[in-house]
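Here's my_file03.json, which has JSON, C-alpha atoms and all ligand atoms:
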```json
[["chain", "number", "residue", "atom", "x", "y", "z"],
["A", 1, "MET", "CA", -70.73, -107.91, -26.80],
["A", 2, "ILE", "CA", -73.83, -106.09, -27.90],
["A", 3, "THR", "CA", -77.22, -107.44, -26.94],
["A", 4, "ILE", "CA", -80.57, -106.60, -28.52],
["A", 5, "LYS", "CA", -83.55, -107.43, -26.37],
["A", 6, "THR", "CA", -87.17, -107.02, -27.31],
["A", 7, "ARG", "CA", -89.13, -105.26, -24.60],
["A", 8, "LEU", "CA", -92.64, -106.49, -24.01],
["A", 9, "ASN", "CA", -94.84, -104.37, -26.30],
["A", 10, "GLY", "CA", -92.00, -101.90, -26.55],
["A", 11, "PRO", "CA", -88.72, -101.13, -28.27],
["A", 12, "TYR", "CA", -85.61, -103.08, -29.07],
["A", 13, "LEU", "CA", -83.21, -102.35, -26.21],
["A", 14, "VAL", "CA", -79.63, -102.32, -27.48],
["A", 15, "SER", "CA", -77.00, -102.60, -24.76],
["A", 16, "GLY", "CA", -73.37, -103.47, -24.34],
["A", 17, "ASP", "CA", -70.27, -101.78, -25.70],
["A", 18, "LEU", "CA", -71.97, -99.36, -28.09],
["A", 19, "SER", "CA", -68.57, -98.14, -29.26],
["A", 20, "GLU", "CA", -68.63, -101.34, -31.34],
["A", 21, "LEU", "CA", -71.96, -100.40, -32.92],
["A", 22, "THR", "CA", -72.56, -98.14, -35.90],
["A", 23, "LEU", "CA", -76.16, -97.08, -36.46],
["A", 24, "ILE", "CA", -76.57, -95.47, -39.86],
["A", 25, "ASP", "CA", -79.48, -93.48, -41.30],
["A", 26, "ALA", "CA", -80.94, -93.93, -44.78],
["A", 27, "ASP", "CA", -78.43, -91.46, -46.22],
["A", 28, "GLY", "CA", -75.46, -93.32, -44.78],
["A", 29, "ASN", "CA", -74.80, -90.91, -41.92],
["A", 30, "PRO", "CA", -73.92, -92.44, -38.55],
["A", 31, "TYR", "CA", -75.85, -91.48, -35.42],
["A", 32, "ASP", "CA", -73.73, -90.16, -32.58],
["A", 33, "LEU", "CA", -74.09, -92.71, -29.80],
["A", 34, "THR", "CA", -71.19, -91.33, -27.78],
["A", 35, "GLY", "CA", -71.68, -91.73, -24.05],
["A", 36, "LYS", "CA", -74.91, -93.67, -24.33],
["A", 37, "PRO", "CA", -74.98, -96.76, -22.09],
["A", 38, "ASN", "CA", -77.80, -98.22, -24.19],
["A", 39, "ILE", "CA", -80.33, -97.20, -26.81],
["A", 40, "ALA", "CA", -83.94, -98.15, -27.46],
["A", 41, "LEU", "CA", -84.98, -98.55, -31.08],
["A", 42, "CYS", "CA", -88.62, -98.06, -32.00],
["A", 43, "ARG", "CA", -90.46, -101.07, -33.31],
["A", 44, "CYS", "CA", -94.01, -99.74, -33.05],
["A", 45, "GLY", "CA", -93.56, -97.20, -35.85],
["A", 46, "GLY", "CA", -95.04, -94.37, -33.79],
["A", 47, "SER", "CA", -91.93, -92.64, -32.49],
["A", 48, "MET", "CA", -91.36, -89.03, -33.47],
["A", 49, "THR", "CA", -87.62, -89.55, -32.93],
["A", 50, "LYS", "CA", -87.06, -92.62, -35.11],
["A", 51, "PRO", "CA", -85.13, -94.77, -35.10],
["A", 52, "PHE", "CA", -85.16, -94.20, -31.34],
["A", 53, "CYS", "CA", -88.06, -94.98, -29.07],
["A", 54, "ASP", "CA", -89.78, -91.98, -27.49],
["A", 55, "ALA", "CA", -92.27, -94.05, -25.47],
["A", 56, "THR", "CA", -95.13, -93.44, -27.90],
["A", 57, "HIS", "CA", -95.64, -97.22, -27.92],
["A", 58, "SER", "CA", -97.16, -96.98, -24.46],
["A", 59, "THR", "CA", -99.77, -94.42, -25.56],
["A", 60, "ILE", "CA", -100.87, -96.12, -28.79],
["A", 61, "GLY", "CA", -101.44, -99.57, -27.34],
["A", 62, "PHE", "CA", -98.69, -101.23, -29.35],
["A", 63, "GLN", "CA", -98.97, -105.02, -29.22],
["A", 64, "ALA", "CA", -95.85, -106.82, -30.36],
["A", 65, "ALA", "CA", -96.30, -109.80, -32.66],
["A", 66, "GLU", "CA", -94.89, -112.31, -30.20],
["A", 67, "SER", "CA", -97.45, -111.22, -27.64],
["A", 68, "ALA", "CA", -100.21, -111.67, -30.17],
["A", 69, "VAL", "CA", -98.94, -115.19, -30.93],
["A", 70, "ARG", "CA", -98.91, -116.01, -27.24],
["A", 71, "ALA", "CA", -102.46, -114.70, -26.93],
["A", 72, "GLU", "CA", -103.56, -116.88, -29.84],
["A", 73, "GLU", "CA", -101.88, -119.90, -28.29],
["A", 74, "ALA", "CA", -103.60, -119.24, -24.99],
["A", 75, "GLN", "CA", -106.93, -118.86, -26.80],
["A", 76, "ALA", "CA", -106.39, -122.17, -28.65],
["A", 77, "GLN", "CA", -105.80, -123.98, -25.36],
["A", 78, "LYS", "CA", -109.20, -122.93, -23.97],
["A", 101, "LIG", "S1", -91.31, -98.69, -29.62],
["A", 101, "LIG", "FE1", -91.31, -96.99, -28.33],
["A", 101, "LIG", "S2", -92.06, -95.38, -29.57],
["A", 101, "LIG", "FE2", -92.06, -97.11, -30.86]]
```
Representation of the structure as structure tokens:
Amino acid sequence: MITIKTRLNGPYLVSGDLSELTLIDADGNPYDLTGKPNIALCRCGGSMTKPFCDATHSTIGFQAAESAVRAEEAQAQK
């Protein structure tokens, strides 16, 4: 089984048996995921190594949408 988990204000963490996963670029070429126990896919748009996360999210103050919704809900309850 492959699991994709959103990290708080960070990437999508893909874990599980990655031999079952094929990640393909825009030209149809597969990425070599051999030997990787998991991968992190950028969702902030700032990575220089897309589609993989390079931790840029932590330096640009990326706020994931679900966090923003939670913040709005918290604000509405005040
Ligand atoms: S989510 Fe980590 S660099 Fe974009």
Inset, instruction - Please identify every polymer residue within 8 Å of ligand LIG 101 (chain A), using only C-alpha atoms and all ligand atoms, and present the set as a PyMOL selection string. - result: chain A and resi 9-12+40-48+50+52-58+62
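Taking only C-alpha atoms into account, A:Leu23 lies nearest to A:Pro51 out of the set A:Pro37, A:Ile4, A:Ala71, A:Pro51.
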As JSON, please: the centre and edge lengths in Å, to one decimal, of an axis-aligned box enclosing every listed atom of stretch 41-45 of chain A with 4 Å added on each side.
```
{"center_x": -89.5, "center_y": -99.1, "center_z": -33.5, "size_x": 17.0, "size_y": 11.9, "size_z": 12.8}
```
Inset, instruction - Mind checking which residues fall within 10 Å of A:Leu21, counting all atoms listed in the file, ignoring those fewer than 5 positions away in the same chain, and posting them as a VMD selection string? - result: chain A and resid 1 to 2 14 to 16 30 33
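What separates atom CA of A:Asp25 from atom CA of A:Thr3 is a distance of 20.2 Å.
Of note, atom CA of A:Thr49 and atom CA of A:Ser19 are spaced 21.2 Å apart.
Counting from atom CA of A:Thr59, the distance to atom CA of A:Thr6 is 17.9 Å.
Each of A:Thr34, A:Ala26, A:Gln75, A:Leu8 was compared to A:Gln63 using only C-alpha atoms, and A:Leu8 turns out to be the nearest.
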